[in-house]
Every structure is written in C-alpha cells, then in structure tokens.
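The next block is model.pdb, given as PDB, C-alpha atoms, pLDDT in the B column.
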```pdb
ATOM      1  CA  MET A   1      59.484 124.447  48.615  1.00 40.00           C
ATOM      2  CA  SER A   2      57.709 121.600  50.418  1.00 44.00           C
ATOM      3  CA  SER A   3      60.065 118.871  49.199  1.00 49.00           C
ATOM      4  CA  SER A   4      62.462 119.879  51.970  1.00 79.00           C
ATOM      5  CA  ILE A   5      60.296 118.473  54.778  1.00 94.00           C
ATOM      6  CA  GLU A   6      60.499 114.898  56.048  1.00 97.00           C
ATOM      7  CA  VAL A   7      57.070 113.543  56.955  1.00 98.00           C
ATOM      8  CA  LEU A   8      57.207 110.860  59.680  1.00 98.00           C
ATOM      9  CA  TYR A   9      53.466 110.287  60.073  1.00 98.00           C
ATOM     10  CA  GLU A  10      50.347 111.666  58.472  1.00 98.00           C
ATOM     11  CA  ASP A  11      46.605 111.034  58.510  1.00 97.00           C
ATOM     12  CA  ASN A  12      43.509 113.225  58.091  1.00 96.00           C
ATOM     13  CA  HIS A  13      43.962 114.808  61.505  1.00 97.00           C
ATOM     14  CA  ILE A  14      47.663 115.150  62.292  1.00 98.00           C
ATOM     15  CA  ILE A  15      51.045 115.339  60.608  1.00 98.00           C
ATOM     16  CA  ALA A  16      54.455 114.759  62.228  1.00 98.00           C
ATOM     17  CA  ILE A  17      57.600 116.252  60.721  1.00 98.00           C
ATOM     18  CA  ASN A  18      61.263 115.463  61.384  1.00 98.00           C
ATOM     19  CA  LYS A  19      62.577 118.986  61.929  1.00 97.00           C
ATOM     20  CA  ARG A  20      66.085 119.846  60.801  1.00 95.00           C
ATOM     21  CA  PRO A  21      68.223 121.860  63.230  1.00 93.00           C
ATOM     22  CA  SER A  22      68.009 125.049  61.163  1.00 88.00           C
ATOM     23  CA  ASP A  23      64.191 125.139  60.880  1.00 92.00           C
ATOM     24  CA  ILE A  24      62.026 127.344  63.078  1.00 92.00           C
ATOM     25  CA  VAL A  25      58.652 125.916  64.084  1.00 91.00           C
ATOM     26  CA  GLN A  26      56.756 129.224  64.190  1.00 82.00           C
ATOM     27  CA  GLY A  27      57.558 132.653  62.776  1.00 79.00           C
ATOM     28  CA  ASP A  28      59.895 134.861  64.812  1.00 77.00           C
ATOM     29  CA  LYS A  29      61.779 138.138  64.500  1.00 78.00           C
ATOM     30  CA  THR A  30      64.246 136.661  61.969  1.00 80.00           C
ATOM     31  CA  GLY A  31      61.477 136.640  59.366  1.00 83.00           C
ATOM     32  CA  ASP A  32      62.628 133.176  58.175  1.00 89.00           C
ATOM     33  CA  THR A  33      59.911 130.918  56.776  1.00 91.00           C
ATOM     34  CA  PRO A  34      58.640 128.724  59.630  1.00 93.00           C
ATOM     35  CA  LEU A  35      58.121 124.980  59.394  1.00 95.00           C
ATOM     36  CA  SER A  36      54.344 125.463  59.700  1.00 94.00           C
ATOM     37  CA  GLU A  37      54.365 127.281  56.328  1.00 94.00           C
ATOM     38  CA  PHE A  38      56.331 124.473  54.654  1.00 95.00           C
ATOM     39  CA  VAL A  39      53.774 121.996  56.030  1.00 96.00           C
ATOM     40  CA  LYS A  40      50.902 124.078  54.627  1.00 95.00           C
ATOM     41  CA  GLN A  41      52.614 124.158  51.239  1.00 94.00           C
ATOM     42  CA  TYR A  42      53.195 120.387  51.343  1.00 96.00           C
ATOM     43  CA  ILE A  43      49.497 119.695  52.110  1.00 96.00           C
ATOM     44  CA  LYS A  44      48.357 122.168  49.455  1.00 95.00           C
ATOM     45  CA  GLU A  45      50.524 120.518  46.782  1.00 94.00           C
ATOM     46  CA  LYS A  46      49.947 116.899  47.818  1.00 94.00           C
ATOM     47  CA  TYR A  47      46.150 117.154  47.927  1.00 94.00           C
ATOM     48  CA  ASN A  48      45.820 119.905  45.317  1.00 94.00           C
ATOM     49  CA  LYS A  49      43.888 122.054  47.790  1.00 91.00           C
ATOM     50  CA  PRO A  50      42.626 125.439  46.687  1.00 89.00           C
ATOM     51  CA  GLY A  51      42.562 128.341  49.148  1.00 89.00           C
ATOM     52  CA  GLU A  52      43.916 128.437  52.661  1.00 91.00           C
ATOM     53  CA  VAL A  53      45.171 125.227  54.300  1.00 95.00           C
ATOM     54  CA  PHE A  54      44.722 124.755  58.063  1.00 96.00           C
ATOM     55  CA  VAL A  55      47.858 123.790  59.997  1.00 97.00           C
ATOM     56  CA  GLY A  56      47.831 124.190  63.778  1.00 96.00           C
ATOM     57  CA  THR A  57      51.098 124.340  65.731  1.00 95.00           C
ATOM     58  CA  VAL A  58      50.754 122.142  68.810  1.00 93.00           C
ATOM     59  CA  HIS A  59      54.230 122.469  70.390  1.00 93.00           C
ATOM     60  CA  ARG A  60      57.664 123.785  69.555  1.00 91.00           C
ATOM     61  CA  ILE A  61      61.275 122.718  69.837  1.00 94.00           C
ATOM     62  CA  ASP A  62      64.206 125.136  69.826  1.00 92.00           C
ATOM     63  CA  ARG A  63      65.683 126.153  66.492  1.00 93.00           C
ATOM     64  CA  PRO A  64      69.062 124.328  66.905  1.00 96.00           C
ATOM     65  CA  VAL A  65      67.273 121.131  68.020  1.00 97.00           C
ATOM     66  CA  SER A  66      66.196 118.393  65.570  1.00 98.00           C
ATOM     67  CA  GLY A  67      63.407 115.841  65.660  1.00 98.00           C
ATOM     68  CA  ILE A  68      59.675 115.330  65.886  1.00 98.00           C
ATOM     69  CA  VAL A  69      57.267 118.231  65.654  1.00 97.00           C
ATOM     70  CA  LEU A  70      53.531 117.530  65.636  1.00 97.00           C
ATOM     71  CA  PHE A  71      51.035 119.667  63.724  1.00 97.00           C
ATOM     72  CA  ALA A  72      47.227 119.452  63.614  1.00 97.00           C
ATOM     73  CA  LYS A  73      45.421 119.389  60.266  1.00 97.00           C
ATOM     74  CA  THR A  74      42.014 120.219  61.751  1.00 96.00           C
ATOM     75  CA  SER A  75      40.876 122.631  64.478  1.00 96.00           C
ATOM     76  CA  LYS A  76      39.311 119.700  66.355  1.00 96.00           C
ATOM     77  CA  ALA A  77      42.624 117.818  66.451  1.00 96.00           C
ATOM     78  CA  LEU A  78      44.440 121.017  67.473  1.00 97.00           C
ATOM     79  CA  ALA A  79      42.130 121.628  70.442  1.00 97.00           C
ATOM     80  CA  ARG A  80      42.449 118.016  71.622  1.00 97.00           C
ATOM     81  CA  LEU A  81      46.231 117.874  71.189  1.00 97.00           C
ATOM     82  CA  ASN A  82      46.645 121.182  73.059  1.00 96.00           C
ATOM     83  CA  GLN A  83      44.622 119.716  75.910  1.00 96.00           C
ATOM     84  CA  MET A  84      46.689 116.500  75.851  1.00 96.00           C
ATOM     85  CA  PHE A  85      49.958 118.452  76.050  1.00 93.00           C
ATOM     86  CA  GLN A  86      48.628 120.475  78.981  1.00 92.00           C
ATOM     87  CA  SER A  87      47.522 117.382  80.863  1.00 93.00           C
ATOM     88  CA  LYS A  88      50.820 115.582  80.078  1.00 92.00           C
ATOM     89  CA  GLU A  89      49.206 112.783  78.092  1.00 95.00           C
ATOM     90  CA  ILE A  90      51.878 113.017  75.408  1.00 96.00           C
ATOM     91  CA  GLN A  91      55.140 111.216  76.204  1.00 97.00           C
ATOM     92  CA  LYS A  92      58.283 112.671  74.615  1.00 97.00           C
ATOM     93  CA  THR A  93      61.754 111.145  74.540  1.00 98.00           C
ATOM     94  CA  TYR A  94      64.890 113.039  73.559  1.00 98.00           C
ATOM     95  CA  TRP A  95      68.449 112.015  72.755  1.00 98.00           C
ATOM     96  CA  ALA A  96      71.276 114.284  73.887  1.00 98.00           C
ATOM     97  CA  VAL A  97      74.956 113.919  73.025  1.00 98.00           C
ATOM     98  CA  VAL A  98      76.890 115.379  75.950  1.00 98.00           C
ATOM     99  CA  LYS A  99      80.502 116.172  76.760  1.00 92.00           C
ATOM    100  CA  ASN A 100      80.857 114.478  80.142  1.00 96.00           C
ATOM    101  CA  LYS A 101      79.531 111.263  81.584  1.00 96.00           C
ATOM    102  CA  PRO A 102      76.961 111.929  84.333  1.00 97.00           C
ATOM    103  CA  GLN A 103      77.948 110.802  87.827  1.00 95.00           C
ATOM    104  CA  THR A 104      75.168 108.223  87.908  1.00 97.00           C
ATOM    105  CA  ILE A 105      74.086 106.111  84.921  1.00 96.00           C
ATOM    106  CA  LYS A 106      70.453 107.094  85.347  1.00 97.00           C
ATOM    107  CA  GLY A 107      68.648 109.584  87.476  1.00 97.00           C
ATOM    108  CA  LYS A 108      66.022 112.269  87.959  1.00 98.00           C
ATOM    109  CA  LEU A 109      66.844 115.970  87.799  1.00 98.00           C
ATOM    110  CA  ILE A 110      64.677 118.524  89.586  1.00 98.00           C
ATOM    111  CA  HIS A 111      65.536 122.214  89.293  1.00 98.00           C
ATOM    112  CA  TYR A 112      63.733 125.541  89.420  1.00 98.00           C
ATOM    113  CA  LEU A 113      64.146 127.425  86.164  1.00 97.00           C
ATOM    114  CA  LYS A 114      63.970 131.156  85.711  1.00 96.00           C
ATOM    115  CA  LYS A 115      63.938 132.630  82.203  1.00 95.00           C
ATOM    116  CA  ASN A 116      65.958 135.711  81.305  1.00 94.00           C
ATOM    117  CA  GLU A 117      63.943 137.258  78.459  1.00 91.00           C
ATOM    118  CA  ALA A 118      66.676 139.703  77.423  1.00 92.00           C
ATOM    119  CA  LYS A 119      69.290 136.974  76.951  1.00 93.00           C
ATOM    120  CA  ASN A 120      66.795 134.267  75.885  1.00 92.00           C
ATOM    121  CA  MET A 121      68.336 131.918  78.439  1.00 95.00           C
ATOM    122  CA  SER A 122      67.148 130.053  81.494  1.00 96.00           C
ATOM    123  CA  ARG A 123      68.983 129.588  84.763  1.00 96.00           C
ATOM    124  CA  ALA A 124      68.548 126.569  87.016  1.00 96.00           C
ATOM    125  CA  TYR A 125      68.351 126.772  90.791  1.00 96.00           C
ATOM    126  CA  GLU A 126      68.501 123.890  93.259  1.00 96.00           C
ATOM    127  CA  LYS A 127      65.860 125.444  95.509  1.00 96.00           C
ATOM    128  CA  GLU A 128      62.612 127.277  94.868  1.00 96.00           C
ATOM    129  CA  GLN A 129      63.003 130.884  93.807  1.00 91.00           C
ATOM    130  CA  GLN A 130      60.425 133.570  93.221  1.00 93.00           C
ATOM    131  CA  GLY A 131      59.380 133.429  89.570  1.00 92.00           C
ATOM    132  CA  ALA A 132      61.194 130.119  88.935  1.00 96.00           C
ATOM    133  CA  LEU A 133      59.310 127.099  87.590  1.00 97.00           C
ATOM    134  CA  ARG A 134      59.802 123.543  88.821  1.00 97.00           C
ATOM    135  CA  SER A 135      61.428 121.461  86.085  1.00 97.00           C
ATOM    136  CA  GLU A 136      61.774 117.714  86.118  1.00 98.00           C
ATOM    137  CA  LEU A 137      63.314 115.135  83.789  1.00 98.00           C
ATOM    138  CA  ASP A 138      64.649 111.573  83.871  1.00 98.00           C
ATOM    139  CA  TYR A 139      67.855 110.669  82.095  1.00 98.00           C
ATOM    140  CA  GLU A 140      69.695 107.441  81.319  1.00 98.00           C
ATOM    141  CA  LEU A 141      73.124 106.849  79.807  1.00 98.00           C
ATOM    142  CA  ILE A 142      72.572 104.741  76.683  1.00 98.00           C
ATOM    143  CA  LEU A 143      75.998 104.698  75.031  1.00 97.00           C
ATOM    144  CA  SER A 144      79.501 106.121  75.366  1.00 98.00           C
ATOM    145  CA  LEU A 145      81.649 107.056  72.363  1.00 96.00           C
ATOM    146  CA  ASP A 146      85.321 108.092  72.548  1.00 93.00           C
ATOM    147  CA  ASN A 147      84.638 111.725  73.468  1.00 94.00           C
ATOM    148  CA  TYR A 148      80.890 111.920  73.953  1.00 97.00           C
ATOM    149  CA  HIS A 149      78.013 110.211  75.725  1.00 98.00           C
ATOM    150  CA  LEU A 150      74.437 109.599  74.595  1.00 98.00           C
ATOM    151  CA  LEU A 151      71.717 110.265  77.151  1.00 98.00           C
ATOM    152  CA  GLU A 152      68.057 109.392  76.726  1.00 98.00           C
ATOM    153  CA  ILE A 153      65.893 112.079  78.301  1.00 98.00           C
ATOM    154  CA  THR A 154      62.263 111.925  79.384  1.00 98.00           C
ATOM    155  CA  PRO A 155      61.070 115.411  80.334  1.00 97.00           C
ATOM    156  CA  HIS A 156      58.117 115.645  82.737  1.00 96.00           C
ATOM    157  CA  THR A 157      57.717 119.408  82.355  1.00 94.00           C
ATOM    158  CA  GLY A 158      58.111 121.601  79.295  1.00 92.00           C
ATOM    159  CA  ARG A 159      60.138 124.609  80.413  1.00 94.00           C
ATOM    160  CA  HIS A 160      62.169 127.063  78.331  1.00 94.00           C
ATOM    161  CA  HIS A 161      65.484 125.380  77.322  1.00 97.00           C
ATOM    162  CA  GLN A 162      64.830 122.846  80.079  1.00 97.00           C
ATOM    163  CA  ILE A 163      66.911 119.880  78.895  1.00 98.00           C
ATOM    164  CA  ARG A 164      69.774 122.132  77.831  1.00 98.00           C
ATOM    165  CA  VAL A 165      70.072 124.007  81.118  1.00 98.00           C
ATOM    166  CA  GLN A 166      69.408 121.026  83.399  1.00 98.00           C
ATOM    167  CA  LEU A 167      72.097 118.894  81.727  1.00 98.00           C
ATOM    168  CA  SER A 168      74.517 121.825  81.796  1.00 98.00           C
ATOM    169  CA  THR A 169      73.858 122.189  85.542  1.00 97.00           C
ATOM    170  CA  ILE A 170      75.110 118.608  86.147  1.00 97.00           C
ATOM    171  CA  LYS A 171      78.252 119.382  84.055  1.00 97.00           C
ATOM    172  CA  CYS A 172      76.947 117.562  80.972  1.00 98.00           C
ATOM    173  CA  PRO A 173      76.567 120.335  78.374  1.00 98.00           C
ATOM    174  CA  ILE A 174      75.122 119.253  75.034  1.00 98.00           C
ATOM    175  CA  LYS A 175      77.533 119.141  72.086  1.00 98.00           C
ATOM    176  CA  GLY A 176      77.444 122.454  70.218  1.00 98.00           C
ATOM    177  CA  ASP A 177      75.429 124.280  72.876  1.00 98.00           C
ATOM    178  CA  ILE A 178      77.745 127.220  73.691  1.00 97.00           C
ATOM    179  CA  LYS A 179      74.826 129.050  75.315  1.00 97.00           C
ATOM    180  CA  TYR A 180      74.891 126.436  78.088  1.00 97.00           C
ATOM    181  CA  GLY A 181      78.542 125.649  78.558  1.00 97.00           C
ATOM    182  CA  PHE A 182      79.830 123.646  75.582  1.00 97.00           C
ATOM    183  CA  ASP A 183      83.182 125.014  74.390  1.00 95.00           C
ATOM    184  CA  ARG A 184      82.511 125.339  70.646  1.00 97.00           C
ATOM    185  CA  THR A 185      79.653 125.514  68.179  1.00 96.00           C
ATOM    186  CA  ASN A 186      78.699 122.871  65.642  1.00 96.00           C
ATOM    187  CA  LYS A 187      79.498 123.937  62.072  1.00 93.00           C
ATOM    188  CA  ASP A 188      75.819 124.126  61.117  1.00 92.00           C
ATOM    189  CA  ALA A 189      74.802 125.972  64.330  1.00 93.00           C
ATOM    190  CA  SER A 190      72.873 122.893  65.504  1.00 96.00           C
ATOM    191  CA  ILE A 191      73.157 121.313  68.919  1.00 98.00           C
ATOM    192  CA  HIS A 192      73.164 117.551  69.468  1.00 98.00           C
ATOM    193  CA  LEU A 193      69.707 117.400  71.036  1.00 98.00           C
ATOM    194  CA  HIS A 194      67.124 115.378  69.116  1.00 98.00           C
ATOM    195  CA  ALA A 195      63.404 114.844  69.763  1.00 98.00           C
ATOM    196  CA  ARG A 196      63.615 111.102  69.157  1.00 98.00           C
ATOM    197  CA  LYS A 197      60.204 109.665  70.035  1.00 98.00           C
ATOM    198  CA  ILE A 198      56.644 110.728  70.778  1.00 98.00           C
ATOM    199  CA  GLU A 199      53.811 108.522  72.057  1.00 98.00           C
ATOM    200  CA  PHE A 200      50.178 109.425  72.563  1.00 97.00           C
ATOM    201  CA  ILE A 201      46.622 108.239  72.131  1.00 96.00           C
ATOM    202  CA  HIS A 202      45.334 109.569  68.798  1.00 96.00           C
ATOM    203  CA  PRO A 203      42.964 112.498  69.514  1.00 93.00           C
ATOM    204  CA  VAL A 204      40.330 111.185  67.089  1.00 93.00           C
ATOM    205  CA  LYS A 205      41.024 107.488  66.386  1.00 94.00           C
ATOM    206  CA  LYS A 206      41.809 106.756  70.063  1.00 95.00           C
ATOM    207  CA  GLU A 207      44.622 104.326  69.214  1.00 97.00           C
ATOM    208  CA  LEU A 208      48.225 104.433  70.483  1.00 98.00           C
ATOM    209  CA  ILE A 209      50.525 106.290  68.102  1.00 98.00           C
ATOM    210  CA  THR A 210      54.313 105.919  68.393  1.00 98.00           C
ATOM    211  CA  ILE A 211      56.488 108.034  66.114  1.00 98.00           C
ATOM    212  CA  ILE A 212      60.289 107.770  65.946  1.00 98.00           C
ATOM    213  CA  ALA A 213      62.541 110.254  64.141  1.00 98.00           C
ATOM    214  CA  PRO A 214      65.935 109.329  62.705  1.00 98.00           C
ATOM    215  CA  PRO A 215      68.600 111.802  63.877  1.00 98.00           C
ATOM    216  CA  PRO A 216      70.362 114.156  61.447  1.00 97.00           C
ATOM    217  CA  ASN A 217      72.978 112.808  59.062  1.00 95.00           C
ATOM    218  CA  ASP A 218      76.308 113.591  60.710  1.00 95.00           C
ATOM    219  CA  SER A 219      79.282 111.527  61.828  1.00 96.00           C
ATOM    220  CA  ILE A 220      78.349 111.363  65.528  1.00 97.00           C
ATOM    221  CA  TRP A 221      74.656 110.557  65.053  1.00 97.00           C
ATOM    222  CA  ASN A 222      75.574 108.019  62.338  1.00 97.00           C
ATOM    223  CA  GLU A 223      78.036 106.323  64.685  1.00 97.00           C
ATOM    224  CA  ILE A 224      75.390 106.169  67.429  1.00 98.00           C
ATOM    225  CA  ILE A 225      72.819 104.561  65.103  1.00 97.00           C
ATOM    226  CA  LYS A 226      75.451 102.073  63.886  1.00 97.00           C
ATOM    227  CA  ARG A 227      76.428 101.083  67.438  1.00 96.00           C
ATOM    228  CA  LEU A 228      72.845 100.758  68.625  1.00 95.00           C
ATOM    229  CA  GLY A 229      72.218  98.570  65.594  1.00 86.00           C
TER     230      GLY A 229
END
```
Written as structure tokens, that's how I'd like the structure from this file.
Amino acid sequence: MSSSIEVLYEDNHIIAINKRPSDIVQGDKTGDTPLSEFVKQYIKEKYNKPGEVFVGTVHRIDRPVSGIVLFAKTSKALARLNQMFQSKEIQKTYWAVVKNKPQTIKGKLIHYLKKNEAKNMSRAYEKEQQGALRSELDYELILSLDNYHLLEITPHTGRHHQIRVQLSTIKCPIKGDIKYGFDRTNKDASIHLHARKIEFIHPVKKELITIIAPPPNDSIWNEIIKRLG
C-alpha cells in the first residue's frame, strides 16, 4: 500500500510527498483512499509503529494536479505550519503547461474569484464583486515547446482553482484542463499543473527548507526537463 508514495523530504516533524495527479489529499465523496492514509501507512510500516499514527494535513492541491504536498507528523508541527500558511510564510512555486503564449513574458495577475459550489468551479472577475475574493499571482514564461508553453507561477493567495481560472482568463488554459477552457482531456485525467517547489523556515528546527518535486513521467514533462537541463 505505502510503496506507491514518493517521499521528497522527511524528518521527525514533517513529511513532503510528491503527489501523483490521481491522488486525493483528503477524503471526499468518492470514498477513494486519500494520500494522508497512505502516508500514515508508510510511517507505520517504516518505523514499525503500533496503534494510531498522527498525520496532519496542512494544505491541499486539486486532484488532477501533481507535486508537493506537506504533512505534519506531530500536532505541534501541524499548528505551526497552519499558522505559517495563514501568514503567507510558505513560498510555493508551480509549473503550468499552457496552450497559448501569454501576451507578456512575465506579469502579475489580479482577479476577484467567486466559487460556484454546485459546479465546483470558480469564476474570475476583473473588478471587485460581492462574495468574490481577491486573487493574485505572478507568472513568467520559462520555455516554449512546439505546441505548448511552460509558465512558472508564484501564487500570493490560495483561492479555489486559482491558478487554473486565472490563466484561463488570460487565454492560457492549462493542458488537459477542460473545466477551464482546454479543448481535450489528458488520457489519465490529469492536468499539466505541477506544484514544483516549496520553501519555508522549518517550524521546529528554524532552518530554511527547500523542497523540489520532479514532474510526472510523461512526454511533455520529460521534454521540459531535458530542455531545461
């Protein structure tokens, strides 16, 4: 069971996993086993722990998205990491493979996002709307392939489907993301959005931690890694 997870970083306090696109971080209505349970199983087996294992979910990424997910192994680390996420002390970087080249090579996007619960989608508005949340990210074009472009994204807010809807709004839908304007799905139901890097001061050791996740093994991601060398 636990052999299917890829551990990127682990110490006594935290564990970082490279999530595959099909994994869910926390349980939902599908009833599929969440990543948090696989992490518990991994810790239980690795350290031969009897009884219940503590694993605290600090943040989530959407099911079709790949990349770094951080979990706490102690309640103390969980409380501190939750606080750090709230006060934006944790820097996240994403990679997105998009259909069209953005009009400017780098830029800042600011929209107001309103979530539609029934459709599980968010809509972006240029101006403030009642019930809409300000959403901000920076993007930069890193590489262009024949048909696609790689953007590096630094989100400054953590809204529902934020990167997906904001990129779609500037006519740069993410590959495979039919919910937000791409014309066809990826075979494995993934989208080409990857939580590439996370940087933060360790909640207990107080040292800078930088974790980088290799993207999934597919022809486009492999080509990107090859070209970036």
What would the selection look like, as an mmCIF file with C-alpha atoms, in the frame of the given file, if the PyMOL selection byres ((chain A and resi 82) around 12) were run on the coordinates I just shared?
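Result written to result.cif:
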```cif
data_model
loop_
_atom_site.group_PDB
_atom_site.id
_atom_site.type_symbol
_atom_site.label_atom_id
_atom_site.label_comp_id
_atom_site.auth_asym_id
_atom_site.auth_seq_id
_atom_site.Cartn_x
_atom_site.Cartn_y
_atom_site.Cartn_z
ATOM 1 C CA GLY A 56 47.831 124.190 63.778
ATOM 2 C CA THR A 57 51.098 124.340 65.731
ATOM 3 C CA VAL A 58 50.754 122.142 68.810
ATOM 4 C CA HIS A 59 54.230 122.469 70.390
ATOM 5 C CA ARG A 60 57.664 123.785 69.555
ATOM 6 C CA LEU A 70 53.531 117.530 65.636
ATOM 7 C CA PHE A 71 51.035 119.667 63.724
ATOM 8 C CA ALA A 72 47.227 119.452 63.614
ATOM 9 C CA SER A 75 40.876 122.631 64.478
ATOM 10 C CA LYS A 76 39.311 119.700 66.355
ATOM 11 C CA ALA A 77 42.624 117.818 66.451
ATOM 12 C CA LEU A 78 44.440 121.017 67.473
ATOM 13 C CA ALA A 79 42.130 121.628 70.442
ATOM 14 C CA ARG A 80 42.449 118.016 71.622
ATOM 15 C CA LEU A 81 46.231 117.874 71.189
ATOM 16 C CA GLN A 83 44.622 119.716 75.910
ATOM 17 C CA MET A 84 46.689 116.500 75.851
ATOM 18 C CA PHE A 85 49.958 118.452 76.050
ATOM 19 C CA GLN A 86 48.628 120.475 78.981
ATOM 20 C CA SER A 87 47.522 117.382 80.863
ATOM 21 C CA LYS A 88 50.820 115.582 80.078
ATOM 22 C CA GLU A 89 49.206 112.783 78.092
ATOM 23 C CA ILE A 90 51.878 113.017 75.408
ATOM 24 C CA PRO A 203 42.964 112.498 69.514
#
```
Please write the residues picked by the PyMOL selection byres ((chain A and resi 194) around 7) on this file as a PDB file with C-alpha atoms, in the coordinates of the input.
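Produced file result-v7.pdb, reproduced below:
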```
ATOM      1  CA  VAL A  65      67.273 121.131  68.020  1.00 97.00           C
ATOM      2  CA  SER A  66      66.196 118.393  65.570  1.00 98.00           C
ATOM      3  CA  GLY A  67      63.407 115.841  65.660  1.00 98.00           C
ATOM      4  CA  TYR A  94      64.890 113.039  73.559  1.00 98.00           C
ATOM      5  CA  TRP A  95      68.449 112.015  72.755  1.00 98.00           C
ATOM      6  CA  ALA A  96      71.276 114.284  73.887  1.00 98.00           C
ATOM      7  CA  HIS A 192      73.164 117.551  69.468  1.00 98.00           C
ATOM      8  CA  LEU A 193      69.707 117.400  71.036  1.00 98.00           C
ATOM      9  CA  ALA A 195      63.404 114.844  69.763  1.00 98.00           C
ATOM     10  CA  ARG A 196      63.615 111.102  69.157  1.00 98.00           C
ATOM     11  CA  PRO A 215      68.600 111.802  63.877  1.00 98.00           C
TER      12      PRO A 215
END
```
| field | Explicit residue set for the PyMOL selection byres ((chain A and resi 39) around 12), as a VMD selection string | value | chain A and resid 1 to 7 10 14 to 19 23 25 to 26 33 to 38 40 to 46 53 to 57 69 to 73
Pull C-alpha atoms from the residues just selected and write them as a PDB file, in the frame of the given file.
```
ATOM      1  CA  MET A   1      59.484 124.447  48.615  1.00 40.00           C
ATOM      2  CA  SER A   2      57.709 121.600  50.418  1.00 44.00           C
ATOM      3  CA  SER A   3      60.065 118.871  49.199  1.00 49.00           C
ATOM      4  CA  SER A   4      62.462 119.879  51.970  1.00 79.00           C
ATOM      5  CA  ILE A   5      60.296 118.473  54.778  1.00 94.00           C
ATOM      6  CA  GLU A   6      60.499 114.898  56.048  1.00 97.00           C
ATOM      7  CA  VAL A   7      57.070 113.543  56.955  1.00 98.00           C
ATOM      8  CA  GLU A  10      50.347 111.666  58.472  1.00 98.00           C
ATOM      9  CA  ILE A  14      47.663 115.150  62.292  1.00 98.00           C
ATOM     10  CA  ILE A  15      51.045 115.339  60.608  1.00 98.00           C
ATOM     11  CA  ALA A  16      54.455 114.759  62.228  1.00 98.00           C
ATOM     12  CA  ILE A  17      57.600 116.252  60.721  1.00 98.00           C
ATOM     13  CA  ASN A  18      61.263 115.463  61.384  1.00 98.00           C
ATOM     14  CA  LYS A  19      62.577 118.986  61.929  1.00 97.00           C
ATOM     15  CA  ASP A  23      64.191 125.139  60.880  1.00 92.00           C
ATOM     16  CA  VAL A  25      58.652 125.916  64.084  1.00 91.00           C
ATOM     17  CA  GLN A  26      56.756 129.224  64.190  1.00 82.00           C
ATOM     18  CA  THR A  33      59.911 130.918  56.776  1.00 91.00           C
ATOM     19  CA  PRO A  34      58.640 128.724  59.630  1.00 93.00           C
ATOM     20  CA  LEU A  35      58.121 124.980  59.394  1.00 95.00           C
ATOM     21  CA  SER A  36      54.344 125.463  59.700  1.00 94.00           C
ATOM     22  CA  GLU A  37      54.365 127.281  56.328  1.00 94.00           C
ATOM     23  CA  PHE A  38      56.331 124.473  54.654  1.00 95.00           C
ATOM     24  CA  LYS A  40      50.902 124.078  54.627  1.00 95.00           C
ATOM     25  CA  GLN A  41      52.614 124.158  51.239  1.00 94.00           C
ATOM     26  CA  TYR A  42      53.195 120.387  51.343  1.00 96.00           C
ATOM     27  CA  ILE A  43      49.497 119.695  52.110  1.00 96.00           C
ATOM     28  CA  LYS A  44      48.357 122.168  49.455  1.00 95.00           C
ATOM     29  CA  GLU A  45      50.524 120.518  46.782  1.00 94.00           C
ATOM     30  CA  LYS A  46      49.947 116.899  47.818  1.00 94.00           C
ATOM     31  CA  VAL A  53      45.171 125.227  54.300  1.00 95.00           C
ATOM     32  CA  PHE A  54      44.722 124.755  58.063  1.00 96.00           C
ATOM     33  CA  VAL A  55      47.858 123.790  59.997  1.00 97.00           C
ATOM     34  CA  GLY A  56      47.831 124.190  63.778  1.00 96.00           C
ATOM     35  CA  THR A  57      51.098 124.340  65.731  1.00 95.00           C
ATOM     36  CA  VAL A  69      57.267 118.231  65.654  1.00 97.00           C
ATOM     37  CA  LEU A  70      53.531 117.530  65.636  1.00 97.00           C
ATOM     38  CA  PHE A  71      51.035 119.667  63.724  1.00 97.00           C
ATOM     39  CA  ALA A  72      47.227 119.452  63.614  1.00 97.00           C
ATOM     40  CA  LYS A  73      45.421 119.389  60.266  1.00 97.00           C
TER      41      LYS A  73
END
```
Neighbour list for Arg134 (chain A) as number ranges by chain, cut-off 9 Å, all atoms listed in the file, skip fewer than 2 positions in-chain: A: 110-113, 128, 132, 136, 157, 159
* To do: Name the closest residue to Trp221 (chain A) among the candidates A:Ile201, A:Ile24, A:Leu145, A:Ile163; distances are taken between atoms, counting all atoms listed in the file.
  =>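 Smallest separation from Trp221 (chain A) among the options: A:Leu145.
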Item to complete: Record the distance separating CA of Leu137 (chain A) and CA of Lys99 (chain A), expressed in Å with one decimal.
Response: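 That distance, rounded to one decimal, is 18.6 Å.
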Check: Pick the closest to Lys171 (chain A) from A:Lys101, A:Lys187, A:Arg123, A:Arg20: which is it, counting all atoms listed in the file?
Finding: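 The answer is A:Lys101, which sits nearest to Lys171 (chain A).
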- Query: CA of Ser168 (chain A) and CA of Lys115 (chain A), how far apart in Å?
  - Reply: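 Answer for the CA of Lys115 (chain A) to CA of Ser168 (chain A) separation: 15.1 Å.
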task = Would you kindly return, as a list in words, each protein, DNA or RNA residue with an atom no farther than 9 Å from any atom of Ile178 (chain A), considering only C-alpha atoms and excluding same-chain residues fewer than 6 positions away?
result =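 Using only C-alpha atoms, the neighbours found are Arg184, Thr185 and Ile191 of chain A.
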Step by step, gather every atom of region 99-116 of chain A that the file lists, find the box along x, y and z that holds them, add 8 Å on each side, and finally give centre and edge lengths in Å to one decimal, as lines of an AutoDock Vina configuration file.
```
center_x = 72.3
center_y = 120.9
center_z = 83.2
size_x = 33.1
size_y = 45.6
size_z = 28.8
```
### Message
Env of Ser144 (chain A): 12 Å cut, atoms = only C-alpha atoms, seq-sep filter 2 positions within chain, self excluded. Answer as JSON, numbers by chain.
### Response
{"A": [96, 97, 98, 99, 100, 101, 102, 105, 140, 141, 142, 146, 147, 148, 149, 150, 151, 152, 220, 223, 224, 227, 228]}
